[in-house]
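Here's the structure we're looking at; comments come further down.
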Amino acid sequence: MSTNTQVLLAARPSGRPTPSDFRIVETAIPEPAEGEVLLKILYLSLDPYMRGRMNTGRSYAKPVEIGAVMEGGTVARVVRSRHPDFSDGDFVLSHSGWQSYALSRGADLRKLDPSAAPLSAALGILGMPGFTAYAGLLTIGKPKPGETVAVAAASGAVGSAVGQIARIKGARAVGIAGGADKCAFVRDTLGFDAVIDHRAPDFAEQLAAACPKGIDVYFENVGGHVWDAVFPLLNDFARVPICGLIAHYNQAGGPQAGGDRLPGVMREVLSRSLLIRGFIQREFADQRPVFYQEMAGWIANGEVRYKEDVVDGIENAPNAFIGLLEGRNFGKLVVRVAAEN
């Protein structure tokens, strides 16, 4: 590449994002100053949280500004280093956003060993999604042997890891996914004890039948009608880590249709002694070294498996991201920006 391809936020979506909310531009490849490195982006991670960064309003992180590069995790190769801790050719995990080249002063970089695992895994099972599953389930969910752990979006990057870790800890894993192919993958490849298709007309009844002893831990990634089916099945003292609410990300602001169900929900939270806890994975950053060690071991011995959905070309990131919010991806969604060599 002779130029730097960047995907900018062109407009703040009202509801579902459209291609016109993004703008693709070509800029000059930047030159690193003393203490900087020039990165060539190899892989870009696409994740549901990015939808929130397109909005203004109170959140756990600042929104992307109009005209700025869309943010996101990346795997990159150092192509020119003027930093004492990095050499040309190093592979690193970075947060360089939706572009093909970026500068870094090194503080946000973590070196990767391409012989230890596929580089793209640092954006999925060995990266933020895998750590989100690990920290949220074990710190908030605290599954015990014999308990039932249910997880929404069970074929996705986070949900697939949640169910497999639950089984490693001796719990029974019940997955919720959309479509026959995803359900078969969760059951046959990931080894969940049961999986229910949330698109089935009798989804709530099937879920209840799959959880005859109720649900002790529910790892929430979706919200919407999935939450409606899960909530009545929560046992006393159930724990509910709230990781995501993808069913609601494209809703326009303002009150939603329907009656106010909060009083009824709060009454049940009180009477059943439920723990419902939202979290951001960075809250548990001190657990990352143990996570890297444990997850690498589980992958090596076959206890954890994963699937990637790879899209080629940075210019295809906007449509791939729109598809992610509609559930069209199958596995961890990654954009391959450039070849590794």
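Just so we're on the same page: first chain in the structure tokens is A, next is B, and so on; residues restart at 1 for each chain, and ligands are numbered from 1 in the order they show up.
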
Item to check | All residues 7 Å or closer to Arg239 in chain A, only C-alpha atoms, same chain fewer than 4 positions away omitted, as a VMD selection string | outcome: chain A and resid 140 to 141 216 to 218 274 to 276

Checklist entry - What lies within 7 Å of range 149-166 of chain A using only C-alpha atoms, ignoring chain neighbours under 2 positions off, as a PyMOL selection string? => result chain A and resi 124-125+129-130+132-134+137+143+147+168-177+182+186+190+192+215-222+304+330-332

Checklist entry - Of the candidates A:Asn4, A:Gly179, A:Gly89, A:Asp193, which shows the shortest atom-to-atom distance to Tyr101 in chain A, using only C-alpha atoms? => result A:Asn4

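Pairwise distance (CA of Gly52 in chain A, CA of Ala200 in chain A) equals 28.7 Å.
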
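Close contacts of Lys62 in chain A, defined as residues with an atom at most 10 Å away when counting only C-alpha atoms, with chain neighbours fewer than 5 positions off set aside, comprise Gly52, Arg53, Met54, Asn55, Thr56 and Gly57 of chain A.
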
Item to check | range 279-289 of chain A environment, 9 Å, only C-alpha atoms, sequence neighbours closer than 2 positions dropped, as a ChimeraX atom specification | outcome: /A:60,128-129,131-133,135-136,139-140,241-243,277,291-294

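DSSP secondary structure from the backbone places Ala161, Val162, Gly163, Gln164, Ile165, Ala166, Arg167, Ile168, Ala180, Asp181, Lys182, Cys183, Ala184, Phe203, Ala204, Glu205, Gln206, Leu207, Ala208, Ala209 and Ala210 of chain A of range 161-215 of chain A in alpha helix (DSSP H).
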
Item to check | Neighbour list for Pro114 in chain A as a PyMOL selection string, cut-off 12 Å, only C-alpha atoms, skip fewer than 2 positions in-chain | outcome: chain A and resi 75-77+89-93+111-112+116-122+340-341

Next on the checklist: Based on the backbone DSSP call, show me all residues of range 150-334 of chain A assigned strand (DSSP E or B), as a ChimeraX atom specification.
Outcome noted: /A:150-151,172-177,194-197,215-220,234-242,275-278,308-312,332-334

Next on the checklist: Give me, as number ranges by chain, all polymer residues having an atom no more than 10 Å from range 205-207 of chain A, counting only C-alpha atoms and skipping those fewer than 6 positions away in the same chain.
Outcome noted: A: 150, 174-176, 194-198, 214, 226, 229-230, 233

Okay, now the selection with all heavy atoms, as a PDB file, in the first residue's frame?
```
ATOM      1  N   ALA A 150     -26.593 -20.282  31.750  1.00  0.00           N
ATOM      2  CA  ALA A 150     -27.153 -19.977  30.431  1.00  0.00           C
ATOM      3  C   ALA A 150     -26.435 -18.761  29.868  1.00  0.00           C
ATOM      4  O   ALA A 150     -26.080 -17.840  30.606  1.00  0.00           O
ATOM      5  CB  ALA A 150     -28.652 -19.712  30.519  1.00  0.00           C
ATOM      6  N   VAL A 174     -25.943 -24.045  29.007  1.00  0.00           N
ATOM      7  CA  VAL A 174     -27.079 -23.960  28.092  1.00  0.00           C
ATOM      8  C   VAL A 174     -26.878 -22.724  27.223  1.00  0.00           C
ATOM      9  O   VAL A 174     -26.834 -21.595  27.732  1.00  0.00           O
ATOM     10  CB  VAL A 174     -28.413 -23.869  28.854  1.00  0.00           C
ATOM     11  CG1 VAL A 174     -29.576 -23.690  27.870  1.00  0.00           C
ATOM     12  CG2 VAL A 174     -28.622 -25.108  29.711  1.00  0.00           C
ATOM     13  N   GLY A 175     -26.738 -22.930  25.928  1.00  0.00           N
ATOM     14  CA  GLY A 175     -26.504 -21.835  25.010  1.00  0.00           C
ATOM     15  C   GLY A 175     -27.773 -21.392  24.323  1.00  0.00           C
ATOM     16  O   GLY A 175     -28.700 -22.178  24.120  1.00  0.00           O
ATOM     17  N   ILE A 176     -27.815 -20.124  23.953  1.00  0.00           N
ATOM     18  CA  ILE A 176     -28.910 -19.538  23.175  1.00  0.00           C
ATOM     19  C   ILE A 176     -28.276 -18.904  21.947  1.00  0.00           C
ATOM     20  O   ILE A 176     -27.364 -18.072  22.067  1.00  0.00           O
ATOM     21  CB  ILE A 176     -29.671 -18.490  23.999  1.00  0.00           C
ATOM     22  CG1 ILE A 176     -30.258 -19.126  25.269  1.00  0.00           C
ATOM     23  CG2 ILE A 176     -30.772 -17.844  23.164  1.00  0.00           C
ATOM     24  CD1 ILE A 176     -30.723 -18.117  26.299  1.00  0.00           C
ATOM     25  N   ALA A 194     -26.769 -28.111  26.188  1.00  0.00           N
ATOM     26  CA  ALA A 194     -28.002 -27.873  25.450  1.00  0.00           C
ATOM     27  C   ALA A 194     -27.878 -26.536  24.748  1.00  0.00           C
ATOM     28  O   ALA A 194     -27.122 -25.662  25.174  1.00  0.00           O
ATOM     29  CB  ALA A 194     -29.215 -27.870  26.387  1.00  0.00           C
ATOM     30  N   VAL A 195     -28.631 -26.388  23.659  1.00  0.00           N
ATOM     31  CA  VAL A 195     -28.657 -25.106  22.949  1.00  0.00           C
ATOM     32  C   VAL A 195     -30.050 -24.909  22.387  1.00  0.00           C
ATOM     33  O   VAL A 195     -30.678 -25.848  21.887  1.00  0.00           O
ATOM     34  CB  VAL A 195     -27.586 -25.051  21.836  1.00  0.00           C
ATOM     35  CG1 VAL A 195     -27.778 -26.152  20.814  1.00  0.00           C
ATOM     36  CG2 VAL A 195     -27.576 -23.691  21.154  1.00  0.00           C
ATOM     37  N   ILE A 196     -30.551 -23.675  22.499  1.00  0.00           N
ATOM     38  CA  ILE A 196     -31.892 -23.331  22.061  1.00  0.00           C
ATOM     39  C   ILE A 196     -31.808 -22.217  21.025  1.00  0.00           C
ATOM     40  O   ILE A 196     -31.072 -21.239  21.202  1.00  0.00           O
ATOM     41  CB  ILE A 196     -32.772 -22.863  23.247  1.00  0.00           C
ATOM     42  CG1 ILE A 196     -32.686 -23.851  24.414  1.00  0.00           C
ATOM     43  CG2 ILE A 196     -34.212 -22.676  22.793  1.00  0.00           C
ATOM     44  CD1 ILE A 196     -33.151 -25.243  24.096  1.00  0.00           C
ATOM     45  N   ASP A 197     -32.600 -22.364  19.960  1.00  0.00           N
ATOM     46  CA  ASP A 197     -32.668 -21.358  18.906  1.00  0.00           C
ATOM     47  C   ASP A 197     -33.663 -20.276  19.332  1.00  0.00           C
ATOM     48  O   ASP A 197     -34.860 -20.552  19.465  1.00  0.00           O
ATOM     49  CB  ASP A 197     -33.115 -22.000  17.603  1.00  0.00           C
ATOM     50  CG  ASP A 197     -33.019 -21.067  16.399  1.00  0.00           C
ATOM     51  OD1 ASP A 197     -32.925 -19.840  16.599  1.00  0.00           O
ATOM     52  OD2 ASP A 197     -33.045 -21.578  15.260  1.00  0.00           O
ATOM     53  N   HIS A 198     -33.181 -19.064  19.523  1.00  0.00           N
ATOM     54  CA  HIS A 198     -34.070 -18.001  19.993  1.00  0.00           C
ATOM     55  C   HIS A 198     -35.065 -17.548  18.919  1.00  0.00           C
ATOM     56  O   HIS A 198     -35.982 -16.786  19.212  1.00  0.00           O
ATOM     57  CB  HIS A 198     -33.277 -16.804  20.522  1.00  0.00           C
ATOM     58  CG  HIS A 198     -32.519 -16.035  19.484  1.00  0.00           C
ATOM     59  ND1 HIS A 198     -33.119 -15.156  18.621  1.00  0.00           N
ATOM     60  CD2 HIS A 198     -31.192 -15.996  19.187  1.00  0.00           C
ATOM     61  CE1 HIS A 198     -32.205 -14.609  17.835  1.00  0.00           C
ATOM     62  NE2 HIS A 198     -31.030 -15.109  18.151  1.00  0.00           N
ATOM     63  N   GLY A 214     -33.982 -24.681  36.701  1.00  0.00           N
ATOM     64  CA  GLY A 214     -33.816 -23.240  36.672  1.00  0.00           C
ATOM     65  C   GLY A 214     -32.421 -22.835  36.233  1.00  0.00           C
ATOM     66  O   GLY A 214     -31.602 -23.659  35.816  1.00  0.00           O
ATOM     67  N   VAL A 226     -34.931 -12.486  24.494  1.00  0.00           N
ATOM     68  CA  VAL A 226     -34.142 -13.525  25.169  1.00  0.00           C
ATOM     69  C   VAL A 226     -34.183 -13.304  26.681  1.00  0.00           C
ATOM     70  O   VAL A 226     -34.420 -14.234  27.461  1.00  0.00           O
ATOM     71  CB  VAL A 226     -32.694 -13.537  24.639  1.00  0.00           C
ATOM     72  CG1 VAL A 226     -31.837 -14.510  25.444  1.00  0.00           C
ATOM     73  CG2 VAL A 226     -32.675 -13.903  23.164  1.00  0.00           C
ATOM     74  N   ALA A 229     -37.450 -14.397  28.221  1.00  0.00           N
ATOM     75  CA  ALA A 229     -37.595 -15.838  28.431  1.00  0.00           C
ATOM     76  C   ALA A 229     -36.739 -16.342  29.582  1.00  0.00           C
ATOM     77  O   ALA A 229     -37.129 -17.280  30.293  1.00  0.00           O
ATOM     78  CB  ALA A 229     -37.228 -16.587  27.145  1.00  0.00           C
ATOM     79  N   VAL A 230     -35.590 -15.727  29.789  1.00  0.00           N
ATOM     80  CA  VAL A 230     -34.667 -16.173  30.838  1.00  0.00           C
ATOM     81  C   VAL A 230     -35.151 -15.745  32.224  1.00  0.00           C
ATOM     82  O   VAL A 230     -35.084 -16.527  33.186  1.00  0.00           O
ATOM     83  CB  VAL A 230     -33.250 -15.611  30.583  1.00  0.00           C
ATOM     84  CG1 VAL A 230     -32.358 -15.794  31.812  1.00  0.00           C
ATOM     85  CG2 VAL A 230     -32.629 -16.277  29.364  1.00  0.00           C
ATOM     86  N   LEU A 233     -36.924 -17.875  34.795  1.00  0.00           N
ATOM     87  CA  LEU A 233     -36.243 -19.116  35.143  1.00  0.00           C
ATOM     88  C   LEU A 233     -35.103 -18.913  36.139  1.00  0.00           C
ATOM     89  O   LEU A 233     -34.505 -19.893  36.607  1.00  0.00           O
ATOM     90  CB  LEU A 233     -35.677 -19.777  33.878  1.00  0.00           C
ATOM     91  CG  LEU A 233     -36.687 -20.076  32.759  1.00  0.00           C
ATOM     92  CD1 LEU A 233     -35.972 -20.674  31.556  1.00  0.00           C
ATOM     93  CD2 LEU A 233     -37.780 -21.006  33.250  1.00  0.00           C
TER      94      LEU A 233
END
```

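The spacing separating CA of Glu26 in chain A from CA of Asn329 in chain A amounts to 27.4 Å.
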
Next on the checklist: Just want the 9 Å neighbourhood of range 7-16 of chain A, counted on only C-alpha atoms, with same-chain residues fewer than 2 positions away dropped. Output as a VMD selection string.
Outcome noted: chain A and resid 5 18 20 to 25 54 to 56 64 to 70 97 to 99 249 to 253 314 to 315 317 to 318 322 325

Atoms to include: N, CA and C atoms. Write the selected residues as a short mmCIF file (atom, residue, chain, number, x, y, z; two decimals), in the first residue's frame.
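Wrote it out as selection.cif, contents follow:
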```
data_model
loop_
_atom_site.label_atom_id
_atom_site.label_comp_id
_atom_site.auth_asym_id
_atom_site.auth_seq_id
_atom_site.Cartn_x
_atom_site.Cartn_y
_atom_site.Cartn_z
N THR A 5 -5.41 3.83 4.20
CA THR A 5 -6.86 3.82 4.06
C THR A 5 -7.49 3.91 5.44
N THR A 18 -26.01 2.86 8.74
CA THR A 18 -26.04 2.64 7.30
C THR A 18 -24.65 2.95 6.75
N SER A 20 -23.74 5.14 4.76
CA SER A 20 -23.50 6.58 4.68
C SER A 20 -23.02 7.17 6.00
N ASP A 21 -23.11 6.42 7.10
CA ASP A 21 -22.60 6.90 8.38
C ASP A 21 -21.08 6.79 8.47
N PHE A 22 -20.47 6.18 7.45
CA PHE A 22 -19.02 6.00 7.40
C PHE A 22 -18.48 6.69 6.15
N ARG A 23 -17.21 7.07 6.21
CA ARG A 23 -16.56 7.66 5.04
C ARG A 23 -15.16 7.08 4.93
N ILE A 24 -14.81 6.59 3.76
CA ILE A 24 -13.50 6.00 3.52
C ILE A 24 -12.62 7.01 2.81
N VAL A 25 -11.43 7.26 3.36
CA VAL A 25 -10.51 8.25 2.79
C VAL A 25 -9.13 7.63 2.64
N MET A 54 -20.47 5.34 18.57
CA MET A 54 -20.97 6.20 17.50
C MET A 54 -21.97 7.22 18.00
N ASN A 55 -22.43 7.05 19.24
CA ASN A 55 -23.42 7.95 19.84
C ASN A 55 -22.76 8.95 20.76
N THR A 56 -23.46 10.05 21.02
CA THR A 56 -23.09 10.94 22.11
C THR A 56 -23.85 10.51 23.36
N VAL A 64 -16.66 8.44 19.53
CA VAL A 64 -15.82 8.81 18.39
C VAL A 64 -16.35 10.12 17.83
N GLU A 65 -15.47 11.05 17.58
CA GLU A 65 -15.87 12.34 17.04
C GLU A 65 -16.19 12.22 15.54
N ILE A 66 -17.12 13.04 15.07
CA ILE A 66 -17.41 13.07 13.64
C ILE A 66 -16.14 13.44 12.88
N GLY A 67 -15.82 12.68 11.86
CA GLY A 67 -14.61 12.92 11.08
C GLY A 67 -13.38 12.20 11.61
N ALA A 68 -13.51 11.51 12.75
CA ALA A 68 -12.38 10.77 13.32
C ALA A 68 -12.40 9.32 12.87
N VAL A 69 -11.26 8.67 12.97
CA VAL A 69 -11.15 7.25 12.63
C VAL A 69 -11.96 6.43 13.63
N MET A 70 -12.77 5.51 13.12
CA MET A 70 -13.49 4.59 14.00
C MET A 70 -12.48 3.81 14.84
N GLY A 97 -7.56 1.31 15.53
CA GLY A 97 -8.77 1.71 14.84
C GLY A 97 -8.85 1.22 13.41
N TRP A 98 -9.85 1.74 12.70
CA TRP A 98 -10.18 1.27 11.36
C TRP A 98 -9.31 1.98 10.33
N GLN A 99 -8.08 1.54 10.19
CA GLN A 99 -7.17 2.12 9.22
C GLN A 99 -6.07 1.11 8.91
N TYR A 249 -29.09 -1.94 20.78
CA TYR A 249 -28.08 -0.96 20.39
C TYR A 249 -28.56 -0.03 19.28
N ASN A 250 -29.42 -0.51 18.42
CA ASN A 250 -29.87 0.31 17.30
C ASN A 250 -31.17 1.04 17.57
N GLN A 251 -31.67 0.97 18.81
CA GLN A 251 -32.89 1.69 19.13
C GLN A 251 -32.60 3.18 19.24
N ALA A 252 -33.47 3.98 18.64
CA ALA A 252 -33.32 5.42 18.75
C ALA A 252 -33.59 5.84 20.19
N GLY A 253 -33.08 6.99 20.57
CA GLY A 253 -33.24 7.47 21.94
C GLY A 253 -34.69 7.76 22.29
N ILE A 314 -10.19 -3.52 4.46
CA ILE A 314 -10.64 -2.50 5.39
C ILE A 314 -11.86 -1.76 4.84
N GLU A 315 -11.98 -1.66 3.53
CA GLU A 315 -13.12 -0.97 2.93
C GLU A 315 -14.44 -1.70 3.17
N ALA A 317 -15.22 -3.04 6.10
CA ALA A 317 -15.52 -3.01 7.54
C ALA A 317 -16.91 -2.44 7.84
N PRO A 318 -17.35 -1.34 7.21
CA PRO A 318 -18.68 -0.81 7.56
C PRO A 318 -19.81 -1.81 7.35
N ILE A 322 -22.23 -3.54 10.24
CA ILE A 322 -23.70 -3.48 10.20
C ILE A 322 -24.27 -4.90 10.30
N LEU A 325 -24.26 -6.29 13.90
CA LEU A 325 -25.36 -5.83 14.75
C LEU A 325 -26.68 -6.52 14.41
#
```

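One finds CA of Val337 in chain A at 20.5 Å from CA of Arg51 in chain A.
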
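With only C-alpha atoms as the atoms that count, the residue of A:Val311, A:Ala204, A:Leu39, A:Met50 with the shortest distance to Ser104 in chain A is A:Leu39.
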